Structures are given as C-alpha cells and as structure tokens.
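Student: First the structure, then my questions, so here it is.
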Amino acid sequence: MTWVILAGAVVTYLTRIGGHLVLSRFDEIPPRVEAALNAVPAAVLTTLVAPPLLHAGPVEWAATIVAGLVALRAGLMTMFLTGAAILLAGRFLLA
Amino acid sequence: MAESAASPSPMMQGVRDSTPVVVAILPFGVLFGALAVANGLTPFEAVLMSATIFAGASQMVGIELFGREISPALIVFALFAVNFRHVLYSAAIGRRITDWPIGRQAAAFFVLCDPVYAEAERKAERGLPIEPGWYFGMGVTVWLFWTLQTALGAAFGGLIDDPHALGLDFLLPIYFLGLVMSFRSRPLWAPVVLASALASVLAYRFVGSPWHVSIGGLAGVAVAALAPPPKTVEADG
C-alpha cells in the first residue's frame with residue numbers, strides 16, 4: 001500500500017509541475033489561453049462552494065450570504081470569521 | 001489583511017496568511033486521518049499520504065478505494081484525475097516564478113495546493129511580486145499543519161463525536177467563497193462563476209464527487225476561453 005501511495009504522490013506532483021512544463025514551451029501565450037488561465041481560480045474554487053451549498057440547510061445559507069456580503073467590503077479573514085460565527089451560532093441555537 | 005506600519009518579513013506574512021487556511025483545514029486533516037485508519041491504513045500510511053500527496057479531496061478518494069478490492073493502477077489513476085486541476089494552477093503560477101532557480105521552482109510546485117495557489121493569485125492581482133519567502137512561509141506552514149492534523153486524526157480520530165455541531169464541515173466552503181469573491185474584479189468573473197456553479201452542481205448530481213471539481217472548473221474556464229477577446233481580432237475560431 002505504501003507503493004500505491006508513493007505512486008499517487010508522483011502523479012500528483014506531475015499535475016502540479018505539468019501545467020508549467022507544457023506552458024513554458026509557448027513563446028507567447030495566446031490570448032484565449034491567457035483568458036482561460038485568468039478564469040481558473042474563480043472557476044475551480046466555485047466548484048468547491050456550489051454543490052456543498054446546495055446540499056446544505058438554512059444555517060449554512062445564512063452564513064454564506066452574510067459572509068458573501070461582508071466580502072464586498074472587508075478582507076478575507078473578517079469575512080471568514082463572520083461566516084464561521086454565524087454557522088456556529090446557528091447550529092448551536094437550532095440543535 | 002491590512003498592511004501594518006511595521007510590516008513583517010515576507011516569510012512571516014506568508015505564515016500569517018496561512019492562518020485561516022490552517023484553521024479551515026483542521027477538521028479535514030483530522031477527519032482524513034481518522035477515516036484513513038478506519039479504512040485499514042496504518043497511522044504511518046495516513047501521514048505518508050498527507051505528507052507526499054498533500055491534496056485532501058484526492059486523499060479522501062484514495063482511502064475510499066483502498067477499502068475495496070480495486071487495482072492499484074486504478075487507484076493511482078483516480079488520484080491523478082482528481083488532482084488534474086493542479087495543471088491549471090501550475091500553468092498560472094509557473095509564469096509568475098520563472099526567474100526563480102529551478103530547484104526552488106520544483107519545491108514550489110510540490111506545495112502548490114488550492115489555498116496557496118489562490119493567495120498567490122491574489123497577490124499577483126494586486127500587482128505584488130510572489131516572494132519566495134512569502135510563498136514558502138505559507139506553503140510549508142499549510143503542508144506542515146495538514147500533515148500534523150492527519151497524525152492527530154489518526155491517533156485520536158474517535159474522540160470528536162460531533163464535528164457537525166462545531167460547524168467544522170462547512171468552514172472550507174465559506175473560505176473558498178471568500179477567495180471566489182476576491183477575484184470579482186477579473187474580466188468575465190460573473191459568467192465564469194455562474195458556469196462553474198451550474199456545471200459543478202449538475203456534475204455532482206449526475207456524475208458524482210469528486211468529478212464535479214474538474215467538470216465545473218473546465219466549464220468556467222471554457223466560458224472564458226470561448227468568450228470574444230476584448231480587443232484583438234482572432235484569425236480563426
């Protein structure tokens with residue numbers, strides 16, 4: 001099983017270095033590739049939010065909405081702590 | 001994250017920036033360690049996974065498959081598939097650290113996980129350089145805590161009887177939402193987020209986890225790639 005883990009580590013490292021190795025062959029990055037790369041963080045991170053959110057309940061929705069609004073005016077840490085506080089309070093009160 | 005008057009060294013700033021991440025991944029590190037042991041891995045194997053693979057979602061998939069009679073090749077392929085999104089991170093970050101020595105770049109890619117990537121992009125967004133001290137201050141801290149949390153989970157996994165009551169299971173989505181929001185000034189942000197959300201929800205339902213990450217991500221990226229470029233005329237489609 002150790003060898004399967006190490007093989008998994010190798011292929012994971014390949015995904016982490018592969019994008020760079022392939023892309024560095026371009027002399028100039030085509031505009032559409034550039035646009036695609038700029039969209040990567042929001043695109044991928046959204047997939048880690050949407051499905052869990054859809055399968056959550058009112059407390060999670062409230063925490064997410066308020067945290068999302070806080071994010072419009074404040075930094076990431078403030079936003080995160082606000083969301084966490086609402087989540088904790090909501091679950092405590094509704095438990 | 002306001003810059004104070006006496007600004008700390010880049011490395012200390014990196015360690016500081018890792019704080020919400022370390023808190024948010026705590027339940028997952030502990031949960032992974034506990035589940036891994038429950039699925040028949042030794043504590044050593046659980047910690048080895050976190051230390052060498054360092055990608056939570058794929059590790060969860062891995063231990064799920066270890067528990068069944070599945071060929072090792074297929075398990076390795078599943079890990080590769082779940083982690084394929086890193087190719088995109090790698091391409092995006094790689095172009096920003098080309099002036100680093102090769103060995104340092106190689107090490108940087110080893111700790112390139114979702115939050116480290118996102119924070120590095122946020123720096124680039126604000127026109128700041130990605131300093132090696134900051135990058136490794138954050139990356140190594142996240143790696144270290146992920147590994148320690150796994151060890152903790154493997155050793156004491158049975159002790160947390162209700163992670164749900166503590167809100168532990170939903171901290172990461174909130175954190176990721178904060179990161180998504182921080183990119184809202186980028187071109188095509190709304191259509192990209194909408195496409196990713198829709199595709200990931202559909203994929204989650206009809207294909208299953210963890211494929212929703214790759215499918216949803218590709219949908220959002222495709223929207224950006226296929227949208228008409230802002231000014232230059234394309235020679236062909």
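Identifiers in the structure tokens: chain A, B, ... in order shown; residue index from 1 per chain; ligand index from 1 in order shown.
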Please, which residues in chain A fall within 7 Å of chain B when counting only C-alpha atoms, and what is the closest atom pair and distance in Å to one decimal for each, ordered by chain then residue number, as a tab-separated table?
Tutor:
residue	atom	partner	partner_atom	distance
A:Thr2	CA	B:Glu45	CA	6.5
A:Val4	CA	B:Pro72	CA	6.1
A:Ile5	CA	B:Met49	CA	6.0
A:Ala7	CA	B:Val76	CA	6.5
A:Gly8	CA	B:Val76	CA	5.0
A:Ala9	CA	B:Ile53	CA	4.4
A:Val11	CA	B:Phe80	CA	5.7
A:Thr12	CA	B:Phe80	CA	5.8
A:Tyr13	CA	B:Phe110	CA	6.2
A:Thr15	CA	B:Val87	CA	4.9
A:Arg16	CA	B:His86	CA	5.0
A:Ile17	CA	B:Phe109	CA	5.7
A:Gly18	CA	B:Val87	CA	5.8
A:Gly19	CA	B:Val87	CA	4.2
A:His20	CA	B:Ala91	CA	4.2
A:Leu23	CA	B:Ala91	CA	6.0
A:Arg32	CA	B:Ala225	CA	4.9
A:Val33	CA	B:Ala225	CA	6.5
A:Ala35	CA	B:Ala225	CA	5.7
A:Ala36	CA	B:Ala225	CA	4.8
A:Leu37	CA	B:Ala92	CA	6.0
A:Ala39	CA	B:Val221	CA	5.5
A:Val40	CA	B:Val221	CA	5.9
A:Pro41	CA	B:Ala118	CA	6.5
A:Ala42	CA	B:Val180	CA	5.1
A:Ala43	CA	B:Gly217	CA	4.8
A:Val44	CA	B:Gly217	CA	4.3
A:Leu45	CA	B:Phe176	CA	6.0
A:Thr46	CA	B:Ala197	CA	5.9
A:Thr47	CA	B:Ser200	CA	5.3
A:Leu48	CA	B:Pro173	CA	6.2
A:Val49	CA	B:Pro173	CA	4.8
A:Ala50	CA	B:Ala197	CA	5.3
A:Pro51	CA	B:Val201	CA	5.0
A:Thr64	CA	B:Ile174	CA	6.2
A:Gly68	CA	B:Gly178	CA	6.9
A:Ala71	CA	B:Gly178	CA	6.3
A:Gly75	CA	B:Met1	CA	5.9
A:Leu76	CA	B:Gly178	CA	5.8
A:Met77	CA	B:Pro20	CA	6.7
A:Met79	CA	B:Gly178	CA	6.8
A:Phe80	CA	B:Tyr175	CA	5.8
A:Gly83	CA	B:Ile174	CA	6.6
A:Ala84	CA	B:Leu171	CA	6.4
A:Leu87	CA	B:Gly167	CA	6.1
A:Leu88	CA	B:Gly167	CA	5.5
A:Arg91	CA	B:Ala165	CA	6.2
A:Phe92	CA	B:Ala165	CA	6.8
Student: If you run DSSP on the backbone here, which positions in segment 22-171 of chain B get helix (DSSP H, G or I)? Please write them as a PyMOL selection string.
Tutor: chain B and resi 22-38+43-52+56-66+72-94+102-110+114-125+132-159+168-171
Student: Write a file of the selected residues as a compact mmCIF listing (two decimals), in the first residue's frame, keeping C-alpha atoms.
Tutor:
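Wrote it out as part-v5.txt, contents follow:
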# COMPACT_ATOMS: atom_id res chain seq x y z
CA VAL B 22 -4.82 26.09 8.75
CA VAL B 23 -7.99 26.65 10.82
CA ALA B 24 -10.27 25.76 7.92
CA ILE B 25 -8.47 22.54 7.00
CA LEU B 26 -8.21 21.34 10.62
CA PRO B 27 -11.44 19.30 10.51
CA PHE B 28 -10.46 17.82 7.16
CA GLY B 29 -6.96 16.87 8.25
CA VAL B 30 -8.27 15.25 11.41
CA LEU B 31 -11.17 13.64 9.57
CA PHE B 32 -8.87 12.28 6.89
CA GLY B 33 -6.53 10.78 9.49
CA ALA B 34 -9.42 9.17 11.35
CA LEU B 35 -11.10 7.82 8.19
CA ALA B 36 -7.83 6.52 6.79
CA VAL B 37 -7.23 4.44 9.91
CA ALA B 38 -10.87 3.32 9.86
CA PRO B 43 -1.26 5.77 11.01
CA PHE B 44 2.10 5.81 9.21
CA GLU B 45 0.42 5.33 5.83
CA ALA B 46 -2.16 8.03 6.60
CA VAL B 47 0.56 10.54 7.49
CA LEU B 48 2.65 9.45 4.50
CA MET B 49 -0.30 10.20 2.23
CA SER B 50 -0.75 13.70 3.61
CA ALA B 51 2.97 14.43 3.54
CA THR B 52 3.60 13.21 -0.01
CA GLY B 56 -7.22 16.49 0.57
CA ALA B 57 -10.02 15.64 -1.85
CA SER B 58 -7.91 13.08 -3.71
CA GLN B 59 -6.70 11.56 -0.44
CA MET B 60 -10.31 11.03 0.64
CA VAL B 61 -10.98 9.32 -2.68
CA GLY B 62 -7.82 7.27 -2.24
CA ILE B 63 -8.73 5.83 1.15
CA GLU B 64 -12.24 5.15 -0.10
CA LEU B 65 -10.76 3.00 -2.89
CA PHE B 66 -8.15 1.35 -0.64
CA PRO B 72 -3.54 -0.21 -7.61
CA ALA B 73 -3.29 1.22 -11.14
CA LEU B 74 -6.89 2.37 -10.98
CA ILE B 75 -6.38 3.98 -7.58
CA VAL B 76 -3.36 5.88 -8.90
CA PHE B 77 -5.36 6.98 -11.94
CA ALA B 78 -8.21 8.19 -9.73
CA LEU B 79 -5.75 10.28 -7.71
CA PHE B 80 -4.39 11.73 -10.94
CA ALA B 81 -7.87 12.57 -12.22
CA VAL B 82 -8.95 14.28 -9.02
CA ASN B 83 -5.75 16.28 -8.90
CA PHE B 84 -5.78 17.24 -12.56
CA ARG B 85 -6.94 20.77 -11.69
CA HIS B 86 -3.39 21.45 -10.46
CA VAL B 87 -2.29 21.53 -14.11
CA LEU B 88 -4.19 24.79 -14.39
CA TYR B 89 -2.69 26.19 -11.18
CA SER B 90 0.75 25.13 -12.31
CA ALA B 91 0.44 26.90 -15.65
CA ALA B 92 -0.89 30.05 -13.98
CA ILE B 93 1.72 30.25 -11.20
CA GLY B 94 4.60 28.94 -13.29
CA ILE B 102 14.99 25.56 -10.90
CA GLY B 103 15.26 23.73 -7.58
CA ARG B 104 13.21 26.38 -5.84
CA GLN B 105 10.56 26.22 -8.57
CA ALA B 106 10.45 22.42 -8.21
CA ALA B 107 9.89 22.77 -4.46
CA ALA B 108 7.27 25.48 -5.02
CA PHE B 109 5.20 23.16 -7.22
CA PHE B 110 5.25 20.50 -4.50
CA ASP B 114 -5.75 25.26 -3.67
CA PRO B 115 -5.32 27.92 -0.95
CA VAL B 116 -1.64 28.60 -1.70
CA TYR B 117 -2.47 29.00 -5.37
CA ALA B 118 -5.39 31.29 -4.60
CA GLU B 119 -3.40 33.51 -2.22
CA ALA B 120 -0.54 33.74 -4.74
CA GLU B 121 -3.00 34.81 -7.44
CA ARG B 122 -4.47 37.37 -5.05
CA LYS B 123 -1.00 38.83 -4.61
CA ALA B 124 -0.47 38.97 -8.37
CA GLU B 125 -3.91 40.57 -8.67
CA PRO B 132 9.89 33.07 -2.27
CA GLY B 133 9.87 33.78 1.49
CA TRP B 134 6.17 34.55 1.45
CA TYR B 135 5.34 31.60 -0.82
CA PHE B 136 7.18 29.02 1.27
CA GLY B 137 6.14 30.69 4.54
CA MET B 138 2.57 29.97 3.56
CA GLY B 139 3.05 26.72 1.60
CA VAL B 140 5.24 24.94 4.13
CA THR B 141 3.03 26.03 7.03
CA VAL B 142 -0.08 24.63 5.34
CA TRP B 143 1.80 21.43 4.45
CA LEU B 144 3.12 21.04 7.98
CA PHE B 145 -0.25 21.54 9.64
CA TRP B 146 -2.04 19.28 7.16
CA THR B 147 0.42 16.53 8.00
CA LEU B 148 0.21 17.14 11.77
CA GLN B 149 -3.59 17.25 11.66
CA THR B 150 -3.59 13.92 9.87
CA ALA B 151 -1.39 12.42 12.56
CA LEU B 152 -3.74 13.86 15.19
CA GLY B 153 -6.77 12.38 13.43
CA ALA B 154 -5.09 9.01 13.01
CA ALA B 155 -4.21 8.94 16.72
CA PHE B 156 -7.34 10.45 18.27
CA GLY B 157 -9.92 10.22 15.48
CA GLY B 158 -12.53 8.60 17.66
CA LEU B 159 -12.63 11.45 20.15
CA LEU B 168 -16.36 22.09 11.12
CA ASP B 169 -17.69 20.57 7.91
CA PHE B 170 -18.74 23.89 6.35
CA LEU B 171 -15.77 26.13 7.11
Student: Quick one, how far is atom CA of Gly127 of chain B from atom CA of Ser7 of chain B?
Tutor: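 Value for the atom CA of Gly127 of chain B-atom CA of Ser7 of chain B distance: 17.5 Å.
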Student: One decimal, in Å: what's the spacing between atom CA of Leu128 of chain B and atom CA of Arg96 of chain B?
Tutor: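 Separating atom CA of Leu128 of chain B from atom CA of Arg96 of chain B is a distance of 10.7 Å.
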Student: Mind pulling up the distance from atom CA of Pro129 of chain B to atom CA of Ile97 of chain B?
Tutor: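 Atom CA of Pro129 of chain B lies at a distance of 9.0 Å from atom CA of Ile97 of chain B.
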